[in-house]
Amino acid sequence: MDKRQAIGSWLSGPRAAAEEAGVDFGYRGEQLGLPQDGPGSIARPGRRLGALVVDWGLCVLIAYGLLTDGYGQATSNWALLIFFLMGVLTVGTLGSTPGKRLFGLRVVALDSGTVNPLRALLRTALLCVALPALIWDRDGRGLHDRLAGTVEVRA
């Protein structure tokens, strides 16, 4: 291995270096029994982030327009509370928030397929803390999804 290959493997990360060495990781969601592409496959990070931005913007708009008289810390606090309530109610009943619906995503439970309100409560509470959502496994599931036993898939 020359210096260029060593630097290239360092820049591309440990997964690329392991794949180059012959390790087969499979596709995202294979261990969960999900398809590789199409409906029911693991949602990509770009779509998930887009849905989160739409949901947060909607919550800030509601807080700004209905509850506070300007944008400040109070607006952000109300927006977080609205985000929590919206997540629990919509994911627990419909399986998706307005942003997820717009981006063609839904949340499903791994064992039953439907998310009950208790799972939605746990998932949304951990999502509001933000740190569990930033810790991902190799399938692209955040820690909040792993602890709630859910996965975000394409609708």
# chains A, B, ... in the order shown; residues from 1 in each chain; ligands from 1
>>> residues_around(residues="range 25-29 of chain A", least_positions_apart="3", cutoff="7 Å", atoms="only C-alpha atoms", output="PDB file with all heavy atoms, in the first residue's frame")
ATOM      1  N   LEU A  32     -32.545  -5.858   8.904  1.00  0.00           N
ATOM      2  CA  LEU A  32     -33.889  -5.655   9.435  1.00  0.00           C
ATOM      3  C   LEU A  32     -34.954  -6.324   8.569  1.00  0.00           C
ATOM      4  O   LEU A  32     -36.133  -6.279   8.894  1.00  0.00           O
ATOM      5  CB  LEU A  32     -34.181  -4.155   9.534  1.00  0.00           C
ATOM      6  CG  LEU A  32     -33.203  -3.338  10.384  1.00  0.00           C
ATOM      7  CD1 LEU A  32     -33.499  -1.858  10.261  1.00  0.00           C
ATOM      8  CD2 LEU A  32     -33.242  -3.790  11.822  1.00  0.00           C
ATOM      9  N   GLY A  33     -34.535  -6.879   7.438  1.00  0.00           N
ATOM     10  CA  GLY A  33     -35.474  -7.539   6.542  1.00  0.00           C
ATOM     11  C   GLY A  33     -36.215  -6.572   5.632  1.00  0.00           C
ATOM     12  O   GLY A  33     -37.292  -6.887   5.134  1.00  0.00           O
ATOM     13  N   LEU A  34     -35.650  -5.412   5.403  1.00  0.00           N
ATOM     14  CA  LEU A  34     -36.277  -4.400   4.549  1.00  0.00           C
ATOM     15  C   LEU A  34     -35.711  -4.470   3.140  1.00  0.00           C
ATOM     16  O   LEU A  34     -34.569  -4.897   2.941  1.00  0.00           O
ATOM     17  CB  LEU A  34     -36.044  -3.007   5.137  1.00  0.00           C
ATOM     18  CG  LEU A  34     -36.584  -2.779   6.550  1.00  0.00           C
ATOM     19  CD1 LEU A  34     -36.158  -1.414   7.067  1.00  0.00           C
ATOM     20  CD2 LEU A  34     -38.081  -2.915   6.581  1.00  0.00           C
ATOM     21  N   GLN A  36     -34.068  -3.219  -0.470  1.00  0.00           N
ATOM     22  CA  GLN A  36     -32.954  -2.306  -0.736  1.00  0.00           C
ATOM     23  C   GLN A  36     -33.435  -0.980  -1.305  1.00  0.00           C
ATOM     24  O   GLN A  36     -32.932   0.068  -0.934  1.00  0.00           O
ATOM     25  CB  GLN A  36     -31.965  -2.954  -1.701  1.00  0.00           C
ATOM     26  CG  GLN A  36     -30.731  -2.127  -1.945  1.00  0.00           C
ATOM     27  CD  GLN A  36     -29.685  -2.882  -2.755  1.00  0.00           C
ATOM     28  OE1 GLN A  36     -29.893  -4.016  -3.160  1.00  0.00           O
ATOM     29  NE2 GLN A  36     -28.560  -2.244  -2.976  1.00  0.00           N
ATOM     30  N   SER A  41     -38.113   0.691   2.056  1.00  0.00           N
ATOM     31  CA  SER A  41     -36.668   0.702   2.272  1.00  0.00           C
ATOM     32  C   SER A  41     -36.309   1.824   3.255  1.00  0.00           C
ATOM     33  O   SER A  41     -37.092   2.730   3.494  1.00  0.00           O
ATOM     34  CB  SER A  41     -35.932   0.905   0.946  1.00  0.00           C
ATOM     35  OG  SER A  41     -36.242   2.164   0.380  1.00  0.00           O
ATOM     36  N   ILE A  42     -35.112   1.730   3.802  1.00  0.00           N
ATOM     37  CA  ILE A  42     -34.651   2.724   4.776  1.00  0.00           C
ATOM     38  C   ILE A  42     -34.642   4.112   4.134  1.00  0.00           C
ATOM     39  O   ILE A  42     -34.180   4.283   3.006  1.00  0.00           O
ATOM     40  CB  ILE A  42     -33.220   2.382   5.263  1.00  0.00           C
ATOM     41  CG1 ILE A  42     -33.219   1.089   6.036  1.00  0.00           C
ATOM     42  CG2 ILE A  42     -32.608   3.499   6.070  1.00  0.00           C
ATOM     43  CD1 ILE A  42     -33.652   1.194   7.468  1.00  0.00           C
ATOM     44  N   ARG A 138     -25.291   1.175  11.594  1.00  0.00           N
ATOM     45  CA  ARG A 138     -24.911   0.959  10.198  1.00  0.00           C
ATOM     46  C   ARG A 138     -26.097   0.921   9.247  1.00  0.00           C
ATOM     47  O   ARG A 138     -25.943   1.056   8.045  1.00  0.00           O
ATOM     48  CB  ARG A 138     -24.078  -0.301  10.046  1.00  0.00           C
ATOM     49  CG  ARG A 138     -24.811  -1.595  10.253  1.00  0.00           C
ATOM     50  CD  ARG A 138     -23.884  -2.771   9.990  1.00  0.00           C
ATOM     51  NE  ARG A 138     -24.499  -3.875   9.345  1.00  0.00           N
ATOM     52  CZ  ARG A 138     -24.761  -3.976   8.048  1.00  0.00           C
ATOM     53  NH1 ARG A 138     -24.487  -3.007   7.252  1.00  0.00           N
ATOM     54  NH2 ARG A 138     -25.303  -5.057   7.548  1.00  0.00           N
ATOM     55  N   ASP A 139     -27.307   0.745   9.770  1.00  0.00           N
ATOM     56  CA  ASP A 139     -28.496   0.767   8.937  1.00  0.00           C
ATOM     57  C   ASP A 139     -29.062   2.176   8.770  1.00  0.00           C
ATOM     58  O   ASP A 139     -30.065   2.359   8.089  1.00  0.00           O
ATOM     59  CB  ASP A 139     -29.584  -0.133   9.534  1.00  0.00           C
ATOM     60  CG  ASP A 139     -29.245  -1.601   9.386  1.00  0.00           C
ATOM     61  OD1 ASP A 139     -28.748  -1.978   8.304  1.00  0.00           O
ATOM     62  OD2 ASP A 139     -29.461  -2.366  10.339  1.00  0.00           O
ATOM     63  N   GLY A 140     -28.453   3.164   9.417  1.00  0.00           N
ATOM     64  CA  GLY A 140     -28.933   4.535   9.305  1.00  0.00           C
ATOM     65  C   GLY A 140     -30.022   4.869  10.308  1.00  0.00           C
ATOM     66  O   GLY A 140     -30.662   5.903  10.195  1.00  0.00           O
TER      67      GLY A 140
END
>>> residues_around(residues="Leu81 in chain A", least_positions_apart="4", cutoff="10 Å", atoms="only C-alpha atoms", output="list in words")
Cys59, Ala63, Thr75, Ser76, Asn77, Leu85, Met86, Gly87 and Cys128 of chain A
>>> residues_around(residues="Ala148 in chain A", least_positions_apart="6", cutoff="12 Å", atoms="only C-alpha atoms", output="compact mmCIF listing (two decimals) with all heavy atoms, in the first residue's frame")
# COMPACT_ATOMS: atom_id res chain seq x y z
N GLY A 92 -47.87 8.67 16.35
CA GLY A 92 -48.59 7.66 17.11
C GLY A 92 -49.92 7.25 16.48
O GLY A 92 -50.43 6.18 16.78
N VAL A 107 -42.95 6.24 9.71
CA VAL A 107 -42.28 5.53 10.80
C VAL A 107 -43.07 4.25 11.06
O VAL A 107 -44.29 4.29 11.18
CB VAL A 107 -42.22 6.40 12.07
CG1 VAL A 107 -41.57 5.65 13.21
CG2 VAL A 107 -41.50 7.70 11.81
N VAL A 108 -42.36 3.13 11.12
CA VAL A 108 -43.01 1.85 11.38
C VAL A 108 -42.29 1.16 12.53
O VAL A 108 -41.09 1.36 12.74
CB VAL A 108 -43.02 0.93 10.14
CG1 VAL A 108 -43.84 1.53 9.02
CG2 VAL A 108 -41.63 0.64 9.65
N ALA A 109 -43.03 0.35 13.26
CA ALA A 109 -42.44 -0.49 14.31
C ALA A 109 -41.88 -1.75 13.65
O ALA A 109 -42.47 -2.28 12.71
CB ALA A 109 -43.48 -0.84 15.35
N LEU A 110 -40.76 -2.22 14.13
CA LEU A 110 -40.14 -3.39 13.53
C LEU A 110 -40.94 -4.67 13.76
O LEU A 110 -40.99 -5.53 12.90
CB LEU A 110 -38.72 -3.58 14.07
CG LEU A 110 -37.70 -2.59 13.55
CD1 LEU A 110 -36.37 -2.77 14.24
CD2 LEU A 110 -37.54 -2.74 12.05
N ASP A 111 -41.58 -4.78 14.90
CA ASP A 111 -42.27 -6.03 15.20
C ASP A 111 -43.71 -6.07 14.69
O ASP A 111 -44.17 -7.10 14.22
CB ASP A 111 -42.25 -6.32 16.70
CG ASP A 111 -42.80 -5.18 17.53
OD1 ASP A 111 -43.15 -4.12 16.96
OD2 ASP A 111 -42.88 -5.33 18.76
N VAL A 115 -46.95 2.02 14.69
CA VAL A 115 -46.35 2.65 15.87
C VAL A 115 -47.47 3.00 16.84
O VAL A 115 -48.37 3.76 16.51
CB VAL A 115 -45.57 3.92 15.47
CG1 VAL A 115 -44.95 4.57 16.69
CG2 VAL A 115 -44.50 3.59 14.45
N ASN A 116 -47.40 2.44 18.03
CA ASN A 116 -48.40 2.80 19.03
C ASN A 116 -48.00 4.11 19.71
O ASN A 116 -46.85 4.53 19.63
CB ASN A 116 -48.62 1.66 20.04
CG ASN A 116 -47.37 1.36 20.86
OD1 ASN A 116 -46.52 2.19 21.06
ND2 ASN A 116 -47.28 0.12 21.32
N PRO A 117 -48.92 4.78 20.39
CA PRO A 117 -48.62 6.08 20.99
C PRO A 117 -47.48 6.05 22.02
O PRO A 117 -46.74 7.02 22.13
CB PRO A 117 -49.94 6.48 21.65
CG PRO A 117 -50.98 5.79 20.84
CD PRO A 117 -50.36 4.48 20.44
N LEU A 118 -47.31 4.94 22.74
CA LEU A 118 -46.23 4.87 23.71
C LEU A 118 -44.86 4.88 23.02
O LEU A 118 -43.94 5.58 23.47
CB LEU A 118 -46.38 3.61 24.57
CG LEU A 118 -45.42 3.48 25.74
CD1 LEU A 118 -45.59 4.65 26.69
CD2 LEU A 118 -45.65 2.18 26.46
N ARG A 119 -44.72 4.15 21.94
CA ARG A 119 -43.47 4.18 21.16
C ARG A 119 -43.24 5.56 20.57
O ARG A 119 -42.11 6.04 20.52
CB ARG A 119 -43.51 3.15 20.04
CG ARG A 119 -43.27 1.77 20.48
CD ARG A 119 -43.21 0.86 19.28
NE ARG A 119 -43.37 -0.49 19.72
CZ ARG A 119 -42.62 -1.48 19.30
NH1 ARG A 119 -41.70 -1.27 18.40
NH2 ARG A 119 -42.80 -2.70 19.75
N ALA A 120 -44.32 6.17 20.08
CA ALA A 120 -44.19 7.52 19.51
C ALA A 120 -43.76 8.51 20.58
O ALA A 120 -42.96 9.42 20.31
CB ALA A 120 -45.51 7.95 18.88
N LEU A 121 -44.26 8.35 21.79
CA LEU A 121 -43.87 9.23 22.90
C LEU A 121 -42.38 9.09 23.21
O LEU A 121 -41.67 10.10 23.32
CB LEU A 121 -44.71 8.89 24.14
CG LEU A 121 -44.41 9.69 25.40
CD1 LEU A 121 -45.01 11.08 25.27
CD2 LEU A 121 -44.97 8.98 26.61
N LEU A 122 -41.90 7.87 23.32
CA LEU A 122 -40.48 7.63 23.59
C LEU A 122 -39.61 8.15 22.45
O LEU A 122 -38.62 8.85 22.67
CB LEU A 122 -40.23 6.14 23.81
CG LEU A 122 -38.78 5.72 24.00
CD1 LEU A 122 -38.20 6.35 25.25
CD2 LEU A 122 -38.67 4.21 24.04
N ARG A 123 -39.99 7.83 21.22
CA ARG A 123 -39.21 8.26 20.06
C ARG A 123 -39.13 9.77 19.96
O ARG A 123 -38.07 10.34 19.73
CB ARG A 123 -39.83 7.67 18.78
CG ARG A 123 -39.07 8.00 17.53
CD ARG A 123 -39.79 7.47 16.29
NE ARG A 123 -38.97 7.62 15.12
CZ ARG A 123 -38.86 8.76 14.43
NH1 ARG A 123 -39.53 9.82 14.81
NH2 ARG A 123 -38.09 8.82 13.37
N THR A 124 -40.25 10.44 20.15
CA THR A 124 -40.28 11.90 20.01
C THR A 124 -39.55 12.58 21.17
O THR A 124 -38.86 13.58 20.96
CB THR A 124 -41.73 12.39 19.93
OG1 THR A 124 -42.39 11.68 18.87
CG2 THR A 124 -41.79 13.87 19.63
N ALA A 125 -39.67 12.04 22.38
CA ALA A 125 -38.94 12.62 23.51
C ALA A 125 -37.44 12.54 23.29
O ALA A 125 -36.71 13.50 23.53
CB ALA A 125 -39.34 11.90 24.80
N LEU A 126 -36.97 11.40 22.78
CA LEU A 126 -35.55 11.26 22.50
C LEU A 126 -35.12 12.14 21.33
O LEU A 126 -34.01 12.66 21.31
CB LEU A 126 -35.20 9.80 22.22
CG LEU A 126 -35.30 8.87 23.43
CD1 LEU A 126 -35.18 7.42 22.99
CD2 LEU A 126 -34.24 9.21 24.45
N LEU A 127 -36.00 12.32 20.36
CA LEU A 127 -35.70 13.19 19.24
C LEU A 127 -35.58 14.64 19.69
O LEU A 127 -34.73 15.39 19.20
CB LEU A 127 -36.78 13.06 18.16
CG LEU A 127 -36.58 13.82 16.86
CD1 LEU A 127 -35.31 13.38 16.17
CD2 LEU A 127 -37.77 13.63 15.95
N PRO A 132 -29.59 11.64 20.83
CA PRO A 132 -29.82 10.28 20.32
C PRO A 132 -30.05 10.23 18.80
O PRO A 132 -29.72 9.24 18.17
CB PRO A 132 -31.06 9.81 21.07
CG PRO A 132 -31.07 10.61 22.31
CD PRO A 132 -30.50 11.95 21.92
N ALA A 133 -30.59 11.29 18.23
CA ALA A 133 -30.83 11.30 16.79
C ALA A 133 -29.53 11.46 16.00
O ALA A 133 -29.48 11.15 14.81
CB ALA A 133 -31.78 12.43 16.42
N ARG A 141 -30.25 4.02 11.28
CA ARG A 141 -31.24 4.28 12.32
C ARG A 141 -30.59 5.04 13.46
O ARG A 141 -29.54 4.67 13.95
CB ARG A 141 -31.81 2.97 12.88
CG ARG A 141 -32.67 2.24 11.89
CD ARG A 141 -33.09 0.89 12.39
NE ARG A 141 -33.69 0.95 13.71
CZ ARG A 141 -33.72 -0.09 14.54
NH1 ARG A 141 -33.20 -1.22 14.20
NH2 ARG A 141 -34.30 0.03 15.71
N GLY A 142 -31.26 6.09 13.90
CA GLY A 142 -30.78 6.84 15.05
C GLY A 142 -31.02 6.06 16.33
O GLY A 142 -31.83 5.13 16.38
>>> select_by_dssp(residues="chain A", states="alpha helix (DSSP H)", output="PDB file with C-alpha atoms, in the first residue's frame")
ATOM      1  CA  LYS A   3       0.972   6.655   0.773  1.00  0.00           C
ATOM      2  CA  ARG A   4      -1.832   7.736  -1.569  1.00  0.00           C
ATOM      3  CA  GLN A   5      -3.875   4.620  -0.797  1.00  0.00           C
ATOM      4  CA  ALA A   6      -3.326   5.041   2.948  1.00  0.00           C
ATOM      5  CA  ILE A   7      -4.420   8.681   2.844  1.00  0.00           C
ATOM      6  CA  GLY A   8      -7.357   7.811   0.604  1.00  0.00           C
ATOM      7  CA  SER A   9      -8.587   5.146   3.014  1.00  0.00           C
ATOM      8  CA  TRP A  10      -8.252   7.586   5.902  1.00  0.00           C
ATOM      9  CA  LEU A  11     -10.266  10.251   4.071  1.00  0.00           C
ATOM     10  CA  SER A  12     -13.023   7.885   2.968  1.00  0.00           C
ATOM     11  CA  PRO A  14     -13.233   2.981   8.037  1.00  0.00           C
ATOM     12  CA  ARG A  15     -16.213   1.517   6.187  1.00  0.00           C
ATOM     13  CA  ALA A  16     -14.651   2.173   2.773  1.00  0.00           C
ATOM     14  CA  ALA A  17     -11.329   0.745   3.954  1.00  0.00           C
ATOM     15  CA  ALA A  18     -13.070  -2.389   5.267  1.00  0.00           C
ATOM     16  CA  GLU A  19     -15.043  -2.804   2.037  1.00  0.00           C
ATOM     17  CA  GLU A  20     -11.829  -2.471   0.052  1.00  0.00           C
ATOM     18  CA  PRO A  45     -30.637  11.074   5.463  1.00  0.00           C
ATOM     19  CA  GLY A  46     -31.424  13.923   3.035  1.00  0.00           C
ATOM     20  CA  ARG A  47     -35.135  13.186   3.045  1.00  0.00           C
ATOM     21  CA  ARG A  48     -35.148  12.759   6.807  1.00  0.00           C
ATOM     22  CA  LEU A  49     -33.414  16.088   7.305  1.00  0.00           C
ATOM     23  CA  GLY A  50     -35.777  17.799   4.862  1.00  0.00           C
ATOM     24  CA  ALA A  51     -38.802  16.437   6.729  1.00  0.00           C
ATOM     25  CA  LEU A  52     -37.321  17.602  10.035  1.00  0.00           C
ATOM     26  CA  VAL A  53     -36.768  21.120   8.661  1.00  0.00           C
ATOM     27  CA  VAL A  54     -40.368  21.294   7.387  1.00  0.00           C
ATOM     28  CA  ASP A  55     -41.750  20.067  10.726  1.00  0.00           C
ATOM     29  CA  TRP A  56     -39.609  22.460  12.747  1.00  0.00           C
ATOM     30  CA  GLY A  57     -40.500  25.390  10.478  1.00  0.00           C
ATOM     31  CA  LEU A  58     -44.181  24.588  10.846  1.00  0.00           C
ATOM     32  CA  CYS A  59     -43.849  24.480  14.638  1.00  0.00           C
ATOM     33  CA  VAL A  60     -41.956  27.791  14.735  1.00  0.00           C
ATOM     34  CA  LEU A  61     -44.594  29.359  12.500  1.00  0.00           C
ATOM     35  CA  ILE A  62     -47.393  28.165  14.792  1.00  0.00           C
ATOM     36  CA  GLN A  73     -36.420  32.343  23.336  1.00  0.00           C
ATOM     37  CA  ALA A  74     -40.094  31.955  24.233  1.00  0.00           C
ATOM     38  CA  THR A  75     -40.926  31.212  20.601  1.00  0.00           C
ATOM     39  CA  SER A  76     -38.259  28.497  20.460  1.00  0.00           C
ATOM     40  CA  ASN A  77     -39.507  26.927  23.688  1.00  0.00           C
ATOM     41  CA  TRP A  78     -43.112  26.897  22.457  1.00  0.00           C
ATOM     42  CA  ALA A  79     -41.958  25.520  19.095  1.00  0.00           C
ATOM     43  CA  LEU A  80     -40.197  22.635  20.862  1.00  0.00           C
ATOM     44  CA  LEU A  81     -43.352  21.845  22.842  1.00  0.00           C
ATOM     45  CA  ILE A  82     -45.473  21.983  19.671  1.00  0.00           C
ATOM     46  CA  PHE A  83     -42.908  19.777  17.893  1.00  0.00           C
ATOM     47  CA  PHE A  84     -43.144  17.235  20.711  1.00  0.00           C
ATOM     48  CA  LEU A  85     -46.942  17.198  20.702  1.00  0.00           C
ATOM     49  CA  MET A  86     -47.129  17.037  16.913  1.00  0.00           C
ATOM     50  CA  GLY A  87     -44.651  14.150  16.808  1.00  0.00           C
ATOM     51  CA  VAL A  88     -46.445  12.127  19.465  1.00  0.00           C
ATOM     52  CA  LEU A  89     -49.898  12.687  18.011  1.00  0.00           C
ATOM     53  CA  THR A  90     -49.154  12.280  14.312  1.00  0.00           C
ATOM     54  CA  VAL A  91     -46.560   9.492  14.467  1.00  0.00           C
ATOM     55  CA  GLY A  92     -48.594   7.659  17.105  1.00  0.00           C
ATOM     56  CA  THR A  93     -51.773   7.732  15.003  1.00  0.00           C
ATOM     57  CA  PRO A  98     -46.597  16.579   7.976  1.00  0.00           C
ATOM     58  CA  GLY A  99     -42.946  16.892   6.914  1.00  0.00           C
ATOM     59  CA  LYS A 100     -42.513  13.142   6.634  1.00  0.00           C
ATOM     60  CA  ARG A 101     -45.737  12.922   4.616  1.00  0.00           C
ATOM     61  CA  LEU A 102     -44.462  15.671   2.293  1.00  0.00           C
ATOM     62  CA  PRO A 117     -48.624   6.080  20.994  1.00  0.00           C
ATOM     63  CA  LEU A 118     -46.228   4.868  23.710  1.00  0.00           C
ATOM     64  CA  ARG A 119     -43.472   4.176  21.164  1.00  0.00           C
ATOM     65  CA  ALA A 120     -44.194   7.516  19.510  1.00  0.00           C
ATOM     66  CA  LEU A 121     -43.873   9.228  22.904  1.00  0.00           C
ATOM     67  CA  LEU A 122     -40.481   7.632  23.590  1.00  0.00           C
ATOM     68  CA  ARG A 123     -39.211   8.255  20.059  1.00  0.00           C
ATOM     69  CA  THR A 124     -40.282  11.897  20.013  1.00  0.00           C
ATOM     70  CA  ALA A 125     -38.943  12.615  23.510  1.00  0.00           C
ATOM     71  CA  LEU A 126     -35.545  11.259  22.502  1.00  0.00           C
ATOM     72  CA  LEU A 127     -35.702  13.190  19.236  1.00  0.00           C
ATOM     73  CA  CYS A 128     -36.347  16.433  21.158  1.00  0.00           C
ATOM     74  CA  VAL A 129     -33.193  15.792  23.198  1.00  0.00           C
ATOM     75  CA  LEU A 131     -28.289  13.765  20.833  1.00  0.00           C
ATOM     76  CA  PRO A 132     -29.816  10.280  20.316  1.00  0.00           C
ATOM     77  CA  ALA A 133     -30.830  11.305  16.786  1.00  0.00           C
ATOM     78  CA  LEU A 134     -27.193  12.101  15.971  1.00  0.00           C
ATOM     79  CA  LEU A 143     -30.516   5.820  18.674  1.00  0.00           C
ATOM     80  CA  HIS A 144     -34.021   7.212  19.221  1.00  0.00           C
ATOM     81  CA  ASP A 145     -35.360   4.737  16.630  1.00  0.00           C
ATOM     82  CA  ARG A 146     -33.395   1.815  18.075  1.00  0.00           C
ATOM     83  CA  LEU A 147     -34.633   2.423  21.614  1.00  0.00           C
ATOM     84  CA  ALA A 148     -38.243   2.815  20.447  1.00  0.00           C
TER      85      ALA A 148
END
>>> atom_distance(atom1="CA of Arg154 in chain A", atom2="CA of Ala130 in chain A")
22.0 Å
>>> atom_distance(atom1="CA of Leu67 in chain A", atom2="CA of Leu94 in chain A")
25.9 Å
>>> closest_residue(among="A:Thr114, A:Thr97, A:Asp69, A:Tyr64", to="Thr150 in chain A", atoms="only C-alpha atoms")
A:Thr114
